[in-house]
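Next comes final_11.cif, with mmCIF, C-alpha atoms.
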```cif
data_target
#
loop_
_atom_site.label_atom_id
_atom_site.label_comp_id
_atom_site.auth_asym_id
_atom_site.auth_seq_id
_atom_site.Cartn_x
_atom_site.Cartn_y
_atom_site.Cartn_z
CA MET A 274 15.60 36.64 0.10
CA ALA A 275 14.84 38.04 -3.35
CA GLY A 276 12.31 40.87 -3.35
CA ALA A 277 11.06 43.73 -5.52
CA ASN A 278 8.86 41.34 -7.52
CA SER A 279 11.70 39.22 -8.85
CA LEU A 280 11.39 37.34 -12.11
CA ARG A 281 11.41 34.07 -10.21
CA TRP A 282 8.42 35.21 -8.14
CA ARG A 283 6.49 36.44 -11.19
CA VAL A 284 7.03 33.12 -12.93
CA ALA A 285 5.90 31.27 -9.80
CA GLN A 286 2.70 33.35 -9.64
CA TYR A 287 1.94 32.56 -13.27
CA LEU A 288 2.54 28.86 -12.68
CA GLU A 289 0.44 28.94 -9.51
CA LEU A 290 -2.65 30.14 -11.35
CA ARG A 291 -2.01 27.69 -14.17
CA TRP A 292 -1.69 24.87 -11.64
CA TRP A 293 -5.02 25.72 -10.03
CA ARG A 294 -6.83 25.83 -13.37
CA ARG A 295 -5.46 22.43 -14.37
CA TYR A 296 -6.03 20.89 -10.92
CA LEU A 297 -9.65 22.01 -10.71
CA SER A 298 -10.58 21.34 -14.33
CA LYS A 299 -11.98 17.85 -13.69
CA GLN A 300 -13.37 18.34 -10.18
CA SER A 301 -16.77 19.29 -8.91
CA PRO A 302 -16.42 22.67 -7.15
CA GLN A 303 -18.86 21.59 -4.44
CA ASP A 304 -17.06 18.31 -3.79
CA TYR A 305 -13.69 20.04 -3.75
CA LEU A 306 -14.77 22.69 -1.26
CA SER A 307 -16.41 20.10 0.98
CA ALA A 308 -13.22 18.02 1.00
CA LYS A 309 -11.14 21.14 1.61
CA ARG A 310 -13.18 22.15 4.65
CA THR A 311 -12.79 18.61 6.01
CA TYR A 312 -9.04 18.87 5.45
CA TRP A 313 -8.81 22.21 7.28
CA GLN A 314 -10.66 20.82 10.27
CA ARG A 315 -8.39 17.78 10.36
CA VAL A 316 -5.30 20.01 10.35
CA LEU A 317 -6.67 22.15 13.20
CA ASP A 318 -7.46 19.01 15.18
CA THR A 319 -3.97 17.62 14.56
CA LEU A 320 -2.42 20.85 15.81
CA GLU A 321 -4.82 20.98 18.78
CA TRP A 322 -5.82 24.48 17.72
CA GLU A 323 -8.71 26.21 19.47
CA VAL A 324 -10.90 28.29 17.17
CA LYS A 325 -11.91 31.31 19.22
CA PRO A 326 -15.29 32.68 18.11
CA ASN A 327 -15.31 36.23 16.77
CA ALA A 328 -11.52 36.55 16.96
CA ARG A 329 -9.90 39.01 14.56
CA VAL A 330 -7.75 36.82 12.28
CA LEU A 331 -5.55 36.97 9.21
CA ASP A 332 -5.56 34.29 6.49
CA ALA A 333 -2.22 35.14 4.88
CA GLY A 334 -1.74 33.70 1.41
CA CYS A 335 -5.29 32.40 1.43
CA GLY A 336 -5.47 31.10 -2.13
CA PRO A 337 -8.91 30.36 -3.61
CA ALA A 338 -9.90 27.93 -0.84
CA GLY A 339 -8.02 28.93 2.29
CA ILE A 340 -9.07 28.36 5.85
CA PHE A 341 -11.58 31.19 5.42
CA THR A 342 -13.80 28.59 3.72
CA LEU A 343 -14.14 26.80 7.06
CA LEU A 344 -14.10 29.70 9.52
CA HIS A 345 -15.75 32.58 7.64
CA ASP A 346 -18.84 32.55 9.84
CA ARG A 347 -16.98 31.97 13.13
CA GLN A 348 -14.14 34.47 13.06
CA ARG A 349 -13.58 37.97 11.66
CA ILE A 350 -11.24 37.18 8.80
CA THR A 351 -9.02 39.31 6.60
CA ALA A 352 -7.86 37.11 3.70
CA VAL A 353 -4.81 38.20 1.72
CA ASP A 354 -3.37 36.90 -1.56
CA PRO A 355 -1.79 38.63 -4.57
CA LEU A 356 -3.80 36.45 -6.98
CA LEU A 357 -7.27 37.04 -5.52
CA ARG A 358 -8.57 38.86 -8.60
CA GLU A 359 -7.32 36.04 -10.83
CA TYR A 360 -8.85 33.44 -8.52
CA GLU A 361 -12.27 34.95 -9.25
CA THR A 362 -12.02 33.13 -12.60
CA LEU A 363 -11.87 29.76 -10.85
CA PRO A 364 -15.11 27.84 -10.17
CA VAL A 365 -14.31 27.34 -6.46
CA PHE A 366 -13.95 30.99 -5.48
CA ALA A 367 -16.39 33.89 -5.37
CA ARG A 368 -16.14 36.66 -2.81
CA VAL A 369 -19.92 36.96 -2.69
CA HIS A 370 -20.09 33.58 -0.93
CA TYR A 371 -18.10 34.98 2.02
CA PRO A 372 -19.67 38.37 2.83
CA GLN A 373 -18.12 38.43 6.32
CA VAL A 374 -14.57 38.13 4.96
CA ARG A 375 -12.45 41.13 4.02
CA PHE A 376 -10.39 40.20 0.94
CA VAL A 377 -7.16 42.08 0.21
CA PRO A 378 -5.50 41.36 -3.18
CA LYS A 379 -1.92 42.20 -2.25
CA PRO A 380 1.38 40.42 -1.67
CA LEU A 381 2.17 39.82 1.97
CA GLU A 382 5.26 42.02 1.77
CA SER A 383 3.27 45.13 0.83
CA LEU A 384 0.56 44.98 3.49
CA GLU A 385 0.28 48.16 5.52
CA GLY A 386 -2.12 49.60 8.03
CA LEU A 387 -3.81 46.36 9.04
CA TYR A 388 -4.62 46.18 12.72
CA PRO A 389 -2.99 43.65 15.03
CA PHE A 390 -4.72 40.29 14.79
CA ASP A 391 -5.69 37.89 17.55
CA CYS A 392 -4.42 35.01 15.46
CA ILE A 393 -2.75 34.47 12.11
CA TYR A 394 -3.05 31.56 9.71
CA CYS A 395 -0.30 31.28 7.10
CA PHE A 396 -0.74 27.88 5.49
CA ASN A 397 1.58 26.81 2.68
CA ALA A 398 2.17 30.40 1.59
CA ILE A 399 5.41 31.68 3.09
CA ASN A 400 7.46 29.70 0.56
CA HIS A 401 5.49 31.37 -2.27
CA VAL A 402 6.52 34.92 -1.36
CA ASP A 403 9.08 37.09 -3.13
CA ASP A 404 10.90 38.32 -0.01
CA TRP A 405 10.96 35.74 2.78
CA HIS A 406 12.46 37.96 5.49
CA ARG A 407 10.18 40.90 4.70
CA SER A 408 7.13 38.63 4.73
CA LEU A 409 8.00 37.21 8.15
CA ASP A 410 8.56 40.77 9.36
CA GLN A 411 5.12 41.76 8.08
CA LEU A 412 3.42 38.83 9.80
CA THR A 413 5.13 39.87 13.02
CA ALA A 414 4.14 43.51 12.55
CA MET A 415 0.49 42.43 12.41
CA ALA A 416 0.76 40.60 15.75
CA ARG A 417 0.43 41.84 19.30
CA PRO A 418 1.72 40.24 22.50
CA GLY A 419 -0.28 37.03 22.84
CA THR A 420 -1.18 36.68 19.16
CA ARG A 421 -1.08 33.02 18.12
CA MET A 422 -0.07 31.85 14.67
CA ILE A 423 -0.02 28.71 12.57
CA LEU A 424 2.73 28.84 9.96
CA SER A 425 3.22 25.94 7.57
CA SER A 426 5.56 25.26 4.69
CA ASP A 427 7.35 22.61 2.72
CA VAL A 428 10.89 22.37 4.11
CA HIS A 429 13.93 20.56 2.77
CA ARG A 430 14.79 17.24 4.37
CA HIS A 431 18.28 16.97 2.86
CA VAL A 432 20.80 19.75 3.37
CA TRP A 433 22.72 18.88 0.19
CA LEU A 434 19.65 19.46 -2.03
CA LEU A 435 18.85 22.90 -0.66
CA PRO A 436 21.50 24.88 -2.59
CA LEU A 437 20.64 22.99 -5.77
CA PHE A 438 16.97 23.92 -5.53
CA ARG A 439 17.85 27.54 -4.82
CA ALA A 440 20.12 27.74 -7.85
CA LEU A 441 18.20 25.89 -10.56
CA PRO A 442 15.32 26.17 -9.37
CA GLY A 443 14.12 22.63 -8.84
CA ASP A 444 10.72 23.74 -7.54
CA ALA A 445 9.46 26.59 -9.74
CA LEU A 446 6.18 27.04 -7.84
CA HIS A 447 8.03 27.95 -4.65
CA PRO A 448 10.58 30.79 -4.88
CA GLN A 449 11.62 30.24 -1.27
CA GLN A 450 13.63 27.16 -0.35
CA HIS A 451 14.53 26.64 3.33
CA ASP A 452 14.94 23.91 5.90
CA ALA A 453 13.07 23.55 9.18
CA ALA A 454 15.93 25.01 11.20
CA ALA A 455 15.74 28.24 9.18
CA TYR A 456 12.07 28.61 10.06
CA ARG A 457 12.66 27.93 13.73
CA GLY A 458 15.45 30.48 13.85
CA ALA A 459 13.52 33.14 11.92
CA LEU A 460 10.48 32.77 14.18
CA SER A 461 12.53 32.88 17.37
CA LYS A 462 14.45 35.94 16.19
CA ARG A 463 11.18 37.82 15.69
CA GLY A 464 9.74 36.99 19.10
CA TRP A 465 7.66 33.94 18.28
CA THR A 466 7.73 31.09 20.76
CA ILE A 467 7.04 27.74 19.11
CA GLU A 468 4.52 25.76 21.15
CA ARG A 469 4.10 22.86 18.76
CA GLU A 470 5.73 21.57 15.58
CA ALA A 471 4.22 18.84 13.45
CA CYS A 472 5.10 17.08 10.21
CA LEU A 473 1.82 16.95 8.29
CA ARG A 474 3.19 15.19 5.21
CA ARG A 475 6.50 13.67 4.11
CA THR A 476 7.88 13.17 0.60
CA ALA A 477 11.26 12.10 -0.66
CA ILE A 478 12.57 15.68 -0.74
CA PHE A 479 10.30 17.74 1.51
CA ASP A 480 8.54 17.64 4.84
CA TYR A 481 5.37 19.69 5.04
CA ARG A 482 5.69 21.15 8.54
CA ALA A 483 3.49 23.36 10.67
CA TRP A 484 4.43 25.50 13.66
CA VAL A 485 2.00 26.74 16.29
CA CYS A 486 3.49 29.90 17.79
CA VAL A 487 2.68 32.68 20.22
CA PHE A 488 4.12 36.18 19.93
CA ASP A 489 5.98 37.91 22.73
CA SER A 490 7.70 41.13 21.66
CA LEU A 491 10.05 40.88 24.63
CA ALA A 492 11.35 37.55 23.32
CA CYS A 493 12.83 39.06 20.14
CA ARG A 494 16.53 38.34 19.93
CA GLU A 495 19.42 39.34 17.75
CA GLU A 496 21.26 36.78 15.69
#
```
Would you encode the structure as structure tokens?
Amino acid sequence: MAGANSLRWRVAQYLELRWWRRYLSKQSPQDYLSAKRTYWQRVLDTLEWEVKPNARVLDAGCGPAGIFTLLHDRQRITAVDPLLREYETLPVFARVHYPQVRFVPKPLESLEGLYPFDCIYCFNAINHVDDWHRSLDQLTAMARPGTRMILSSDVHRHVWLLPLFRALPGDALHPQQHDAAAYRGALSKRGWTIEREACLRRTAIFDYRAWVCVFDSLACREE
């Protein structure tokens, strides 16, 4: 949905950077990063995710404090985000602190030539992209049979609100608005088998859901 760097996506990117600057303005960078690493470990524990040492992994939509902050010295990480250069202006992010990590400042849709990964982390990023279908295709293109992935996103709880949020928009930070069934269907169509689904947070409008998946190219199906 959308694509070609739509106005809605460009506005969302601007608001995303503005949000981070405001959010971090009154926090200690050290305290924030410590709390963030604790959060990442809690999420992995909740999802019963095994961190395989030295695995080749993708942190897709990593933000300034993605899961690379926890796993940078345990796995071989490629971290991708279109705002990485802008995040260098934030007090919590400096590439020099993560010399083992390969940082790629590009949108997920435009990634090319990256090798298949052993596992993929895409936390709270897929609803930030410009082209949802293309981004899911790209994640799949960077997998091999047996690749495991954690994908997480806010999803609509109420079917009647979904078209309203798509039209207005009611959530300017997130160009993509979908329900959980859309994610399940999109993953299954592309050959991902969902092993576990968890609701990590619930609000009045959204569930923040995570899917643990494994890729099997033979499982791809047509809609």
- Task: Using only C-alpha atoms, determine which residues lie at most 12 Å from A:Ser408, disregarding the query and same-chain residues fewer than 4 positions distant; provide the list as a list in words.
- Result: Met274, Ala275, Gly276, Ala333, Gly334, Lys379, Pro380, Leu381, Glu382, Ser383, Leu384, Glu385, Cys395, Ala398, Ile399, Asn400, His401, Val402, Asp403, Asp404, Leu412, Thr413, Ala414, Met415, Leu424, Gln449, Ala459, Leu460 and Arg463 of chain A
- Message: Given only C-alpha atoms as the basis, pick out the residue of A:Val330, A:Asp346, A:Ile340, A:Asp354 nearest to A:Gln286.
- Response: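 Smallest distance to A:Gln286 is found for A:Asp354.
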- Task: To verify the selection step, state as a list of chain:residue names which residues the PyMOL selection byres ((chain A and resi 466-481) around 9) yields on this input.
- Result: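 This file gives the following for the PyMOL selection byres ((chain A and resi 466-481) around 9): A:Val316, A:Thr319, A:Leu320, A:Asn397, A:Ser425, A:Ser426, A:Asp427, A:Val428, A:His429, A:Arg430, A:His431, A:Leu434, A:Asp452, A:Ala453, A:Arg457, A:Leu460, A:Ser461, A:Gly464, A:Trp465, A:Arg482, A:Ala483, A:Trp484, A:Val485, A:Cys486, A:Val487, A:Phe488, A:Asp489, A:Ala492.
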- Item | Using only C-alpha atoms: which of A:Ala338, A:Ala416, A:Ala352, A:Val324 has the shortest distance to A:Ser307 | A:Ala338
- Query: Could you spell out the hits of the PyMOL selection byres ((chain A and resi 373) around 12) on the shown file, as a ChimeraX atom specification?
  - Reply: /A:327,329,341-342,344-352,368-372,374-376
With C-alpha atoms retained, could you export that selection as a PDB file, in the frame of the given file?
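Written output follows (result-v3.pdb):
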```pdb
ATOM      1  CA  ASN A 327     -15.310  36.230  16.770  1.00  0.00           C
ATOM      2  CA  ARG A 329      -9.900  39.010  14.560  1.00  0.00           C
ATOM      3  CA  PHE A 341     -11.580  31.190   5.420  1.00  0.00           C
ATOM      4  CA  THR A 342     -13.800  28.590   3.720  1.00  0.00           C
ATOM      5  CA  LEU A 344     -14.100  29.700   9.520  1.00  0.00           C
ATOM      6  CA  HIS A 345     -15.750  32.580   7.640  1.00  0.00           C
ATOM      7  CA  ASP A 346     -18.840  32.550   9.840  1.00  0.00           C
ATOM      8  CA  ARG A 347     -16.980  31.970  13.130  1.00  0.00           C
ATOM      9  CA  GLN A 348     -14.140  34.470  13.060  1.00  0.00           C
ATOM     10  CA  ARG A 349     -13.580  37.970  11.660  1.00  0.00           C
ATOM     11  CA  ILE A 350     -11.240  37.180   8.800  1.00  0.00           C
ATOM     12  CA  THR A 351      -9.020  39.310   6.600  1.00  0.00           C
ATOM     13  CA  ALA A 352      -7.860  37.110   3.700  1.00  0.00           C
ATOM     14  CA  ARG A 368     -16.140  36.660  -2.810  1.00  0.00           C
ATOM     15  CA  VAL A 369     -19.920  36.960  -2.690  1.00  0.00           C
ATOM     16  CA  HIS A 370     -20.090  33.580  -0.930  1.00  0.00           C
ATOM     17  CA  TYR A 371     -18.100  34.980   2.020  1.00  0.00           C
ATOM     18  CA  PRO A 372     -19.670  38.370   2.830  1.00  0.00           C
ATOM     19  CA  VAL A 374     -14.570  38.130   4.960  1.00  0.00           C
ATOM     20  CA  ARG A 375     -12.450  41.130   4.020  1.00  0.00           C
ATOM     21  CA  PHE A 376     -10.390  40.200   0.940  1.00  0.00           C
TER      22      PHE A 376
END
```
- Have a look at atom CA of A:Cys392 and atom CA of A:Arg315 and let me know their distance in Å, one decimal.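 So the answer is 18.4 Å.
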- Message: For a test of reading the model, state the distance in Å between atom CA of A:Tyr388 and atom CA of A:Lys325, rounded to one decimal.
- Response: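 Separation between atom CA of A:Tyr388 and atom CA of A:Lys325: 17.8 Å.
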How big is the axis-aligned box, and where does its centre sit, when it encloses all atoms of stretch 355-371 of chain A listed in the file and has 4 Å added on every side, reported in Å to one decimal as JSON?
```
{"center_x": -10.9, "center_y": 33.1, "center_z": -5.3, "size_x": 26.3, "size_y": 19.5, "size_z": 22.6}
```
